[in-house]
file entry_18.cif (mmCIF, C-alpha atoms)
data_start
loop_
_atom_site.label_atom_id
_atom_site.label_comp_id
_atom_site.auth_asym_id
_atom_site.auth_seq_id
_atom_site.Cartn_x
_atom_site.Cartn_y
_atom_site.Cartn_z
CA MET M 714 0.00 0.00 0.00
CA GLN M 715 2.75 2.37 1.05
CA THR M 716 4.75 1.46 -2.08
CA SER M 717 2.04 2.70 -4.41
CA THR M 718 1.63 5.94 -2.51
CA ASP M 719 5.39 6.41 -2.65
CA ASP M 720 5.11 6.09 -6.42
CA VAL M 721 2.42 8.77 -6.46
CA LEU M 722 4.63 11.04 -4.34
CA ILE M 723 7.54 10.54 -6.72
CA GLY M 724 5.28 11.51 -9.63
CA ARG M 725 4.35 14.73 -7.82
CA ILE M 726 7.96 15.43 -6.89
CA ALA M 727 8.85 15.08 -10.56
CA ASN M 728 6.45 17.98 -11.17
CA GLY M 729 8.17 20.08 -8.52
CA ASP M 730 5.75 19.49 -5.63
CA ARG M 731 7.64 20.46 -2.45
CA LEU M 732 4.89 19.18 -0.17
CA ALA M 733 5.18 15.71 -1.70
CA MET M 734 8.91 15.91 -1.02
CA GLN M 735 8.21 16.75 2.63
CA VAL M 736 5.88 13.76 2.95
CA LEU M 737 8.40 11.39 1.38
CA PHE M 738 11.16 12.76 3.60
CA ALA M 739 9.07 12.42 6.74
CA ARG M 740 8.18 8.88 5.80
CA HIS M 741 11.65 7.56 5.02
CA HIS M 742 14.39 9.79 6.36
CA VAL M 743 14.91 7.97 9.66
CA ARG M 744 15.43 4.59 8.02
CA VAL M 745 17.67 6.06 5.35
CA TYR M 746 19.64 7.87 8.06
CA ARG M 747 20.10 4.67 10.07
CA PHE M 748 21.18 2.74 7.00
CA VAL M 749 23.76 5.39 6.15
CA LEU M 750 24.87 5.77 9.77
CA ARG M 751 25.57 2.04 10.05
CA LEU M 752 27.86 2.37 7.04
CA VAL M 753 29.67 5.65 7.74
CA ARG M 754 29.49 5.42 11.56
CA ASN M 755 29.43 9.15 12.00
CA GLU M 756 26.24 11.00 12.87
CA ALA M 757 27.21 14.35 11.32
CA THR M 758 28.29 12.68 8.08
CA ALA M 759 25.13 10.57 8.00
CA GLU M 760 22.98 13.67 8.50
CA ASP M 761 24.74 15.49 5.67
CA LEU M 762 24.39 12.48 3.44
CA ILE M 763 20.65 12.08 3.86
CA SER M 764 20.04 15.61 2.63
CA GLU M 765 22.16 14.69 -0.40
CA VAL M 766 20.20 11.48 -0.90
CA PHE M 767 16.86 13.29 -0.85
CA LEU M 768 18.20 16.07 -3.05
CA ASP M 769 19.10 13.39 -5.61
CA ILE M 770 15.56 12.06 -5.31
CA TRP M 771 14.22 15.56 -5.94
CA ARG M 772 16.41 15.88 -9.02
CA GLN M 773 15.94 12.37 -10.39
CA ALA M 774 12.25 11.82 -9.63
CA GLY M 775 11.32 12.37 -13.27
CA LYS M 776 13.58 9.51 -14.28
CA PHE M 777 12.20 7.02 -11.75
CA GLU M 778 10.72 4.16 -13.77
CA GLY M 779 9.06 2.24 -10.94
CA ARG M 780 10.93 -0.97 -11.65
CA ALA M 781 11.81 -1.19 -7.94
CA ALA M 782 10.06 0.06 -4.83
CA VAL M 783 10.81 3.70 -4.03
CA SER M 784 12.39 2.68 -0.71
CA THR M 785 14.70 0.27 -2.56
CA TRP M 786 15.67 3.02 -4.99
CA MET M 787 16.38 5.37 -2.07
CA LEU M 788 18.55 2.85 -0.26
CA GLY M 789 20.50 2.29 -3.48
CA ILE M 790 21.21 6.02 -3.70
CA ALA M 791 22.01 6.15 0.03
CA ARG M 792 24.46 3.29 -0.28
CA PHE M 793 26.22 4.96 -3.19
CA LYS M 794 26.52 8.22 -1.25
CA ALA M 795 27.77 6.45 1.88
CA LEU M 796 30.42 4.47 0.02
CA SER M 797 31.54 7.61 -1.84
CA ALA M 798 31.87 9.41 1.51
CA LEU M 799 33.86 6.52 2.94
CA ARG M 800 36.23 6.64 -0.02
CA ARG M 801 36.76 10.37 0.54
CA LYS M 802 37.36 9.94 4.26
CA PRO M 803 40.89 9.17 5.52
CA GLU M 804 41.19 5.55 6.57
CA GLU M 805 42.73 6.42 9.96
CA GLU M 806 39.88 8.71 10.97
CA LEU M 807 37.38 6.02 10.18
CA ASP M 808 39.26 3.40 12.13
CA ASP M 809 39.43 5.67 15.16
CA GLU M 810 35.71 6.23 15.07
CA THR M 811 35.02 2.54 14.61
CA ALA M 812 37.27 1.66 17.50
CA ALA M 813 35.66 4.33 19.67
CA GLN M 814 32.24 2.92 18.99
CA ILE M 815 33.29 -0.59 19.88
CA GLU M 816 35.03 0.67 23.03
CA ASP M 817 31.81 2.36 24.09
CA HIS M 818 30.58 -1.07 25.12
CA SER M 819 33.65 -2.01 27.13
CA ASP M 820 34.25 -2.64 30.72
CA ASP M 821 32.31 -0.14 32.81
CA PRO M 822 30.09 -1.81 35.42
CA GLU M 823 26.91 -1.35 33.38
CA THR M 824 28.43 -2.91 30.30
CA THR M 825 29.85 -5.77 32.28
CA LEU M 826 26.34 -6.47 33.48
CA ALA M 827 25.00 -6.09 29.97
CA LYS M 828 27.56 -8.52 28.64
CA LYS M 829 25.73 -11.19 30.55
CA ASP M 830 22.81 -10.41 28.31
CA LYS M 831 23.01 -12.52 25.19
CA GLY M 832 21.09 -9.94 23.20
CA SER M 833 23.52 -7.15 23.92
CA GLN M 834 26.41 -9.41 22.98
CA LEU M 835 24.70 -10.23 19.73
CA ARG M 836 24.29 -6.50 19.04
CA GLN M 837 27.94 -5.94 19.84
CA ALA M 838 28.86 -8.69 17.39
CA LEU M 839 26.61 -7.09 14.77
CA ASN M 840 28.60 -3.88 15.23
CA GLY M 841 31.81 -5.80 14.75
CA LEU M 842 30.93 -7.05 11.29
CA SER M 843 32.55 -5.62 8.18
CA ASN M 844 30.58 -3.01 6.23
CA GLU M 845 29.79 -5.56 3.53
CA HIS M 846 28.30 -8.01 6.03
CA ARG M 847 26.64 -5.34 8.16
CA GLU M 848 24.82 -3.77 5.22
CA ILE M 849 23.39 -7.06 4.00
CA ILE M 850 22.17 -8.01 7.47
CA ASP M 851 20.56 -4.58 7.89
CA LEU M 852 18.93 -4.70 4.47
CA VAL M 853 17.41 -8.12 5.10
CA TYR M 854 16.46 -7.88 8.77
CA TYR M 855 15.78 -4.19 9.34
CA HIS M 856 14.87 -2.81 5.93
CA GLU M 857 12.92 -5.97 5.01
CA LYS M 858 14.32 -6.26 1.53
CA SER M 859 13.82 -9.38 -0.56
CA VAL M 860 16.69 -11.25 -2.20
CA GLU M 861 16.04 -9.45 -5.49
CA GLU M 862 15.77 -6.03 -3.86
CA VAL M 863 19.05 -6.50 -2.01
CA ALA M 864 20.62 -7.60 -5.30
CA GLY M 865 19.38 -4.35 -6.88
CA ILE M 866 20.64 -2.14 -4.04
CA VAL M 867 24.05 -3.76 -3.64
CA GLY M 868 24.53 -4.51 -7.33
CA ILE M 869 25.28 -8.21 -7.08
CA PRO M 870 23.48 -11.33 -8.38
CA ALA M 871 20.67 -12.82 -6.27
CA ALA M 872 22.68 -16.01 -5.68
CA THR M 873 25.55 -13.92 -4.29
CA VAL M 874 23.12 -12.11 -1.99
CA LYS M 875 22.12 -15.42 -0.43
CA THR M 876 25.68 -16.68 0.03
CA ARG M 877 26.87 -13.30 1.34
CA MET M 878 24.09 -13.32 3.91
CA PHE M 879 25.04 -16.84 4.92
CA TYR M 880 28.69 -15.86 5.42
CA ALA M 881 27.71 -12.68 7.27
CA ARG M 882 25.75 -14.83 9.72
CA LYS M 883 28.62 -17.27 9.98
CA LYS M 884 30.98 -14.41 10.83
CA LEU M 885 28.51 -13.26 13.46
CA SER M 886 28.70 -16.66 15.11
CA GLU M 887 32.50 -16.49 15.06
CA LEU M 888 32.46 -13.07 16.74
CA LEU M 889 30.09 -14.41 19.39
CA LYS M 890 32.36 -17.37 19.94
CA GLU M 891 35.22 -14.94 20.61
CA GLN M 892 33.01 -13.46 23.34
CA GLY M 893 32.48 -16.91 24.79
CA ILE M 894 29.09 -17.64 23.27
CA ASP M 895 28.89 -20.82 21.24
CA ARG M 896 25.71 -20.91 19.21
CA GLY M 897 26.44 -24.44 18.01
CA TRP M 898 26.57 -23.13 14.50
CA PRO M 899 28.45 -23.26 12.19
CA MET G 848 16.77 -36.27 10.39
CA ASN G 849 19.59 -33.80 10.01
CA THR G 850 20.13 -33.01 6.32
CA ILE G 851 22.33 -29.94 6.77
CA ASN G 852 26.00 -29.54 5.99
CA LYS G 853 27.60 -26.96 8.30
CA ASP G 854 29.74 -25.25 5.67
CA VAL G 855 27.75 -25.56 2.47
CA PRO G 856 24.33 -24.07 3.01
CA SER G 857 21.35 -25.78 1.49
CA ASP G 858 18.99 -23.78 -0.70
CA ILE G 859 16.43 -23.82 2.12
CA GLU G 860 18.89 -22.77 4.80
CA GLU G 861 19.95 -19.77 2.74
CA LEU G 862 16.34 -18.60 2.69
CA LEU G 863 15.86 -18.65 6.49
CA PRO G 864 16.69 -14.93 7.04
CA TRP G 865 14.11 -13.86 4.45
CA HIS G 866 11.59 -16.28 5.87
CA ALA G 867 12.06 -14.73 9.30
CA ALA G 868 11.68 -11.23 7.85
CA GLY G 869 8.56 -12.29 5.93
CA THR G 870 9.91 -11.27 2.53
CA LEU G 871 9.77 -14.63 0.74
CA SER G 872 7.28 -15.46 -1.97
CA SER G 873 4.42 -17.67 -0.78
CA GLY G 874 5.90 -20.65 -2.67
CA ASP G 875 9.33 -20.33 -1.06
CA ALA G 876 7.78 -19.66 2.33
CA ARG G 877 5.82 -22.92 2.05
CA ARG G 878 9.00 -24.85 1.13
CA VAL G 879 10.80 -23.43 4.16
CA GLU G 880 7.86 -24.17 6.46
CA ASP G 881 7.74 -27.78 5.26
CA ALA G 882 11.49 -28.19 5.76
CA LEU G 883 11.30 -26.69 9.26
CA VAL G 884 8.66 -29.23 10.25
CA ARG G 885 10.75 -32.12 8.90
CA ASP G 886 14.20 -31.04 10.11
CA PRO G 887 14.81 -30.25 13.82
CA GLU G 888 18.37 -29.01 13.19
CA LEU G 889 17.07 -26.56 10.60
CA ALA G 890 14.43 -25.45 13.11
CA ARG G 891 17.16 -24.86 15.70
CA ARG G 892 19.12 -22.72 13.26
CA TYR G 893 15.95 -20.85 12.39
CA ALA G 894 15.68 -19.90 16.05
CA LEU G 895 19.16 -18.35 15.78
CA VAL G 896 18.03 -16.40 12.72
CA ARG G 897 15.05 -15.05 14.63
CA ASP G 898 17.38 -13.91 17.45
CA GLU G 899 19.53 -12.08 14.89
CA LEU G 900 16.46 -10.48 13.35
CA GLY G 901 15.20 -9.18 16.70
CA GLU G 902 18.57 -7.82 17.79
CA THR G 903 19.24 -6.17 14.41
CA ILE G 904 15.93 -4.34 14.64
CA LEU G 905 16.66 -3.32 18.25
CA LEU G 906 20.14 -2.13 17.31
CA ASN G 907 18.86 -0.01 14.44
CA GLU G 908 16.00 1.41 16.46
CA THR G 909 18.43 2.65 19.12
CA LEU G 910 20.44 4.58 16.53
CA GLY G 911 18.20 7.61 16.95
CA ALA G 912 17.13 9.97 14.22
CA PRO G 913 18.65 12.93 12.41
CA SER G 914 18.00 16.41 13.75
CA ALA G 915 15.44 18.76 12.21
CA GLN G 916 18.43 20.49 10.67
CA ALA G 917 18.60 17.70 8.06
CA MET G 918 15.24 18.70 6.60
CA ASN G 919 16.14 22.40 6.70
CA LYS G 920 19.37 21.69 4.85
CA LEU G 921 17.54 19.65 2.24
CA PHE G 922 14.94 22.31 1.51
CA ALA G 923 17.58 25.05 1.46
CA LYS G 924 19.31 23.04 -1.27
CA ILE G 925 16.04 22.45 -3.11
CA ASP G 926 15.30 26.19 -2.98
CA ALA G 927 18.72 26.87 -4.47
CA GLU G 928 17.97 24.58 -7.40
CA PRO G 929 17.17 26.20 -10.74
CA ALA G 930 13.44 26.53 -11.45
CA ARG G 931 12.07 23.29 -12.79
CA LYS G 932 10.61 23.36 -16.29
CA PRO G 933 7.18 21.75 -16.57
CA PRO G 934 7.38 18.25 -18.02
CA VAL G 935 7.22 18.14 -21.81
CA SER G 936 4.10 16.35 -22.95
CA PHE G 937 3.55 15.01 -26.42
CA ASN G 938 -0.15 14.67 -25.82
CA LEU G 939 -1.49 17.18 -28.36
CA SER G 940 -5.03 17.32 -27.01
CA ALA G 941 -3.75 17.89 -23.48
CA ARG G 942 -1.50 20.71 -24.68
CA VAL G 943 -4.34 22.33 -26.65
CA SER G 944 -6.64 22.01 -23.63
CA SER G 945 -4.09 23.54 -21.30
CA PHE G 946 -3.44 26.35 -23.82
CA PHE G 947 -7.10 27.31 -23.90
CA ALA G 948 -7.47 26.79 -20.16
CA SER G 949 -4.71 29.34 -19.60
CA MET G 950 -6.72 32.07 -21.41
CA THR G 951 -9.05 34.48 -19.67
CA PRO G 952 -12.70 34.33 -20.86
CA ARG G 953 -12.30 37.73 -22.58
CA THR G 954 -9.16 36.62 -24.44
CA LEU G 955 -10.83 33.37 -25.37
CA ALA G 956 -13.88 35.22 -26.77
CA PHE G 957 -11.64 37.57 -28.76
CA ALA G 958 -9.57 34.67 -30.12
CA GLY G 959 -12.75 32.82 -31.09
CA GLY G 960 -14.04 35.88 -32.96
CA ALA G 961 -10.74 36.31 -34.78
CA ALA G 962 -10.74 32.64 -35.77
CA LEU G 963 -14.31 32.92 -37.07
CA PHE G 964 -13.39 36.03 -39.11
CA ALA G 965 -10.38 34.21 -40.61
CA ILE G 966 -12.57 31.26 -41.60
CA LEU G 967 -15.18 33.53 -43.22
CA LEU G 968 -12.47 35.45 -45.10
CA GLN G 969 -11.01 32.21 -46.42
CA ALA G 970 -14.47 30.94 -47.42
CA GLY G 971 -15.16 34.23 -49.26
CA PHE G 972 -11.89 33.98 -51.14
CA ILE G 973 -12.55 30.41 -52.26
CA ALA G 974 -16.14 31.24 -53.25
CA SER G 975 -15.09 34.26 -55.32
CA VAL G 976 -12.47 32.21 -57.15
CA LEU G 977 -14.97 29.46 -57.88
CA ILE G 978 -17.69 31.88 -59.09
CA LYS G 979 -15.28 33.64 -61.43
CA GLU G 980 -14.01 30.33 -62.74
CA ALA G 981 -17.52 28.97 -63.35
CA GLY G 982 -18.70 32.19 -65.10
CA PRO G 983 -22.21 32.58 -66.51
CA ALA G 984 -24.04 29.53 -67.85
CA ARG G 985 -23.40 29.09 -71.58
CA TYR G 986 -23.51 26.61 -74.39
CA VAL G 987 -20.50 24.44 -74.79
CA THR G 988 -19.83 22.91 -78.17
CA ALA G 989 -17.80 19.84 -78.83
CA SER G 990 -15.08 22.01 -80.37
CA ALA G 991 -14.98 24.51 -77.49
CA PRO G 992 -11.96 24.55 -75.18
CA SER G 993 -12.28 21.90 -72.54
CA THR G 994 -13.03 22.81 -68.93
CA ASP G 995 -11.63 19.52 -67.76
CA PRO G 996 -8.82 20.41 -65.30
CA GLY G 997 -6.77 17.66 -66.88
CA VAL G 998 -6.72 19.38 -70.27
CA GLY G 999 -4.78 22.59 -71.09
CA ALA G 1000 -1.60 24.22 -69.77
CA PHE G 1001 -1.07 24.52 -66.02
CA THR G 1002 1.33 25.90 -63.52
CA LEU G 1003 1.78 25.64 -59.74
CA ILE G 1004 1.80 28.91 -57.85
CA ARG G 1005 2.35 29.80 -54.23
CA PHE G 1006 1.15 33.35 -53.63
CA ALA G 1007 3.35 35.81 -51.80
CA PRO G 1008 2.47 35.92 -48.05
CA GLN G 1009 1.80 39.67 -48.20
CA ALA G 1010 -0.60 39.36 -51.19
CA SER G 1011 -4.18 40.20 -50.24
CA GLN G 1012 -7.27 38.45 -51.51
CA ASP G 1013 -7.93 41.46 -53.71
CA ASP G 1014 -4.41 41.34 -55.18
CA VAL G 1015 -4.82 37.64 -56.00
CA THR G 1016 -8.24 38.15 -57.61
CA LYS G 1017 -6.93 41.02 -59.79
CA PHE G 1018 -3.86 38.95 -60.74
CA LEU G 1019 -6.02 36.00 -61.82
CA GLU G 1020 -8.37 38.24 -63.81
CA ALA G 1021 -5.64 40.22 -65.50
CA ASN G 1022 -3.86 37.12 -66.68
CA LYS G 1023 -6.99 35.08 -67.47
CA LEU G 1024 -5.97 32.41 -65.00
CA ALA G 1025 -8.12 29.95 -63.10
CA ILE G 1026 -7.41 28.03 -59.92
CA VAL G 1027 -8.28 24.38 -60.59
CA ALA G 1028 -6.96 22.81 -57.42
CA GLY G 1029 -5.35 23.63 -54.12
CA PRO G 1030 -4.10 24.69 -51.82
CA ALA G 1031 -1.86 21.63 -51.67
CA ASP G 1032 1.10 21.02 -49.35
CA GLY G 1033 3.26 24.10 -49.19
CA GLY G 1034 0.35 26.40 -50.08
CA PHE G 1035 0.52 25.66 -53.83
CA TYR G 1036 -2.43 26.19 -56.15
CA LYS G 1037 -2.77 24.50 -59.53
CA ILE G 1038 -3.47 27.31 -62.00
CA ARG G 1039 -4.73 26.86 -65.57
CA VAL G 1040 -2.92 29.33 -67.82
CA SER G 1041 -4.55 28.09 -71.04
CA ALA G 1042 -7.60 25.97 -71.81
CA ALA G 1043 -5.67 24.21 -74.56
CA ALA G 1044 -2.21 22.74 -74.74
CA MET G 1045 0.36 25.27 -75.95
CA PRO G 1046 3.87 25.27 -77.41
CA LYS G 1047 6.66 25.08 -74.83
CA ALA G 1048 8.12 28.46 -75.81
CA ASP G 1049 4.75 30.24 -75.35
CA TYR G 1050 4.22 28.46 -72.05
CA ALA G 1051 7.67 29.49 -70.83
CA THR G 1052 6.98 33.11 -71.75
CA ILE G 1053 3.74 33.14 -69.77
CA VAL G 1054 5.40 31.53 -66.74
CA LYS G 1055 8.19 34.09 -66.90
CA LYS G 1056 5.67 36.93 -67.02
CA LEU G 1057 3.70 35.55 -64.09
CA ARG G 1058 6.86 35.04 -62.05
CA ALA G 1059 7.60 38.76 -62.34
CA ASN G 1060 4.32 39.68 -60.60
CA LYS G 1061 4.70 40.63 -56.92
CA VAL G 1062 1.65 38.54 -56.05
CA VAL G 1063 3.56 35.38 -56.97
CA GLY G 1064 5.80 33.99 -54.25
CA PHE G 1065 6.87 30.92 -56.20
CA ILE G 1066 5.90 29.44 -59.54
CA ALA G 1067 6.67 26.01 -60.99
CA THR G 1068 5.87 24.49 -64.37
CA THR G 1069 3.88 21.30 -64.66
CA GLU G 1070 4.05 18.62 -67.30
#
call {"tool": "encode", "arguments": {"input": "entry_18.cif", "output": "structure tokens"}}
result
Amino acid sequence: MQTSTDDVLIGRIANGDRLAMQVLFARHHVRVYRFVLRLVRNEATAEDLISEVFLDIWRQAGKFEGRAAVSTWMLGIARFKALSALRRKPEEELDDETAAQIEDHSDDPETTLAKKDKGSQLRQALNGLSNEHREIIDLVYYHEKSVEEVAGIVGIPAATVKTRMFYARKKLSELLKEQGIDRGWP
Amino acid sequence: MNTINKDVPSDIEELLPWHAAGTLSSGDARRVEDALVRDPELARRYALVRDELGETILLNETLGAPSAQAMNKLFAKIDAEPARKPPVSFNLSARVSSFFASMTPRTLAFAGGAALFAILLQAGFIASVLIKEAGPARYVTASAPSTDPGVGAFTLIRFAPQASQDDVTKFLEANKLAIVAGPADGGFYKIRVSAAAMPKADYATIVKKLRANKVVGFIATTE
């Protein structure tokens, strides 16, 4: 239902309707922001990028052919922007931020308590995945994208989507094992 | 019965994450459901998938949201964009409709009147040419010059754009010409210069004379 109304909004945006743009932004910006944030791991950068993503949507709306859902199209643009930003960003800066984020969960009393919680450890392991594995897990579990939609967003064949997801999950188990949690798989 | 290899995923096992997220087709979802009922190990792994799903959602939901500044930035950029041209439509009727819709009632009435006047003027011109060509009723003998448009000497003329109806009528009368067909593509009229066939030299002289008249925009000979 929402997909068809998104299509209508895109049609209006193509005609320069600012209100339609506001509606589309309100509807999707949080998810797009979270998707980008998980890739770039910097809130200010993610916030800048979502305005770029939606500006692209404003500019390209007339070319949208409706072959994919609007949300899938948006995530494809968001991914491209995020990866471009990562390429521009110095490697060291990124590593520092990544390390800082992981250290956030380290050994203060609260975190020690939380570590006993299997869920929090799973979330920590999710944060420890590579960008490639993290994005596919987010797309499937959080953004509810089908195999074909993920293939369209990431730009890989559907068969590769399935194997990449499998190996992302396998890596997750390995990270949990390093934290002392054996899931009995793989 | 355990049918799963730990390192090489089966087709069904690969689909578990999408089954948990509810994004499989109904056919694939049925296949997975059947396999889960048959295979306890697969069902155990499916439970792991469901844990991952729940924690991924929780993790993303705790990421917060962008500030209101994001929307302000976006619309500042949109406002800075060059004005968007309306989409080009090739739908002729829609374009004609929108053209007329854009007119005020007074403009529309004036345009309608002008169009009516132009149509009447054109009708008057055609009628006058036809009346002159037909002439008064008379006897026609078998030896008289033929009025069949296919017989005689003809030329193709496009009148000069500035020539008035009066100019054209006087030109036709003065040169004893008759319009037998037209206007065709390009605004050409087929003009009879003689009721009978004529020598090429005489025909060329007449065409040359007609070409010199300011009423004639373009003249071409016909076979």
call {"tool": "atom_distance", "arguments": {"input": "entry_18.cif", "atom1": "CA of Arg1005 in chain G", "atom2": "CA of Asn1022 in chain G"}}
result
15.7 Å
call {"tool": "resolve_selection", "arguments": {"input": "entry_18.cif", "expression": "the PyMOL selection byres ((chain G) within 8 of (chain M))", "output": "ChimeraX atom specification"}}
result
/G:853-854,856,861-862,864-865,868-871,892,895,898-900,902-904,906-907,910-914,917-918,920-921,924-925,931,933-934
call {"tool": "write_last_selection", "arguments": {"input": "entry_18.cif", "atoms": "C-alpha atoms", "output": "compact mmCIF listing (two decimals), in the coordinates of the input"}}
result
# COMPACT_ATOMS: atom_id res chain seq x y z
CA LYS G 853 27.60 -26.96 8.30
CA ASP G 854 29.74 -25.25 5.67
CA PRO G 856 24.33 -24.07 3.01
CA GLU G 861 19.95 -19.77 2.74
CA LEU G 862 16.34 -18.60 2.69
CA PRO G 864 16.69 -14.93 7.04
CA TRP G 865 14.11 -13.86 4.45
CA ALA G 868 11.68 -11.23 7.85
CA GLY G 869 8.56 -12.29 5.93
CA THR G 870 9.91 -11.27 2.53
CA LEU G 871 9.77 -14.63 0.74
CA ARG G 892 19.12 -22.72 13.26
CA LEU G 895 19.16 -18.35 15.78
CA ASP G 898 17.38 -13.91 17.45
CA GLU G 899 19.53 -12.08 14.89
CA LEU G 900 16.46 -10.48 13.35
CA GLU G 902 18.57 -7.82 17.79
CA THR G 903 19.24 -6.17 14.41
CA ILE G 904 15.93 -4.34 14.64
CA LEU G 906 20.14 -2.13 17.31
CA ASN G 907 18.86 -0.01 14.44
CA LEU G 910 20.44 4.58 16.53
CA GLY G 911 18.20 7.61 16.95
CA ALA G 912 17.13 9.97 14.22
CA PRO G 913 18.65 12.93 12.41
CA SER G 914 18.00 16.41 13.75
CA ALA G 917 18.60 17.70 8.06
CA MET G 918 15.24 18.70 6.60
CA LYS G 920 19.37 21.69 4.85
CA LEU G 921 17.54 19.65 2.24
CA LYS G 924 19.31 23.04 -1.27
CA ILE G 925 16.04 22.45 -3.11
CA ARG G 931 12.07 23.29 -12.79
CA PRO G 933 7.18 21.75 -16.57
CA PRO G 934 7.38 18.25 -18.02
call {"tool": "atom_distance", "arguments": {"input": "entry_18.cif", "atom1": "CA of Pro1030 in chain G", "atom2": "CA of Ser975 in chain G"}}
result
15.0 Å
call {"tool": "atom_distance", "arguments": {"input": "entry_18.cif", "atom1": "CA of Arg897 in chain G", "atom2": "CA of Thr909 in chain G"}}
result
18.6 Å
call {"tool": "residues_around", "arguments": {"input": "entry_18.cif", "residues": "Lys1037 in chain G", "least_positions_apart": "6", "cutoff": "7 Å", "atoms": "all atoms listed in the file", "output": "JSON, numbers by chain"}}
result
{"G": [1001, 1002, 1003, 1004, 1026, 1027, 1028, 1029]}
call {"tool": "resolve_selection", "arguments": {"input": "entry_18.cif", "expression": "the PyMOL selection byres ((chain G and resi 1008) around 10)", "output": "number ranges by chain"}}
result
G: 1005-1007, 1009-1011, 1034, 1062-1064
call {"tool": "closest_residue", "arguments": {"input": "entry_18.cif", "among": "G:Ala1000, G:Lys1061, G:Gly971, G:Gly1033", "to": "Asp1014 in chain G", "atoms": "all atoms listed in the file"}}
result
G:Lys1061
call {"tool": "closest_residue", "arguments": {"input": "entry_18.cif", "among": "G:Leu863, G:Val884, G:Asp858, G:Val998", "to": "Ala1043 in chain G", "atoms": "all atoms listed in the file"}}
result
G:Val998
call {"tool": "resolve_selection", "arguments": {"input": "entry_18.cif", "expression": "the PyMOL selection byres ((chain M and resi 720) around 12)", "output": "ChimeraX atom specification"}}
result
/M:714-719,721-727,733-734,737,774-775,777-786
call {"tool": "residues_around", "arguments": {"input": "entry_18.cif", "residues": "range 792-801 of chain M", "least_positions_apart": "5", "cutoff": "7 Å", "atoms": "only C-alpha atoms", "output": "ChimeraX atom specification"}}
result
/M:749,752-753,762
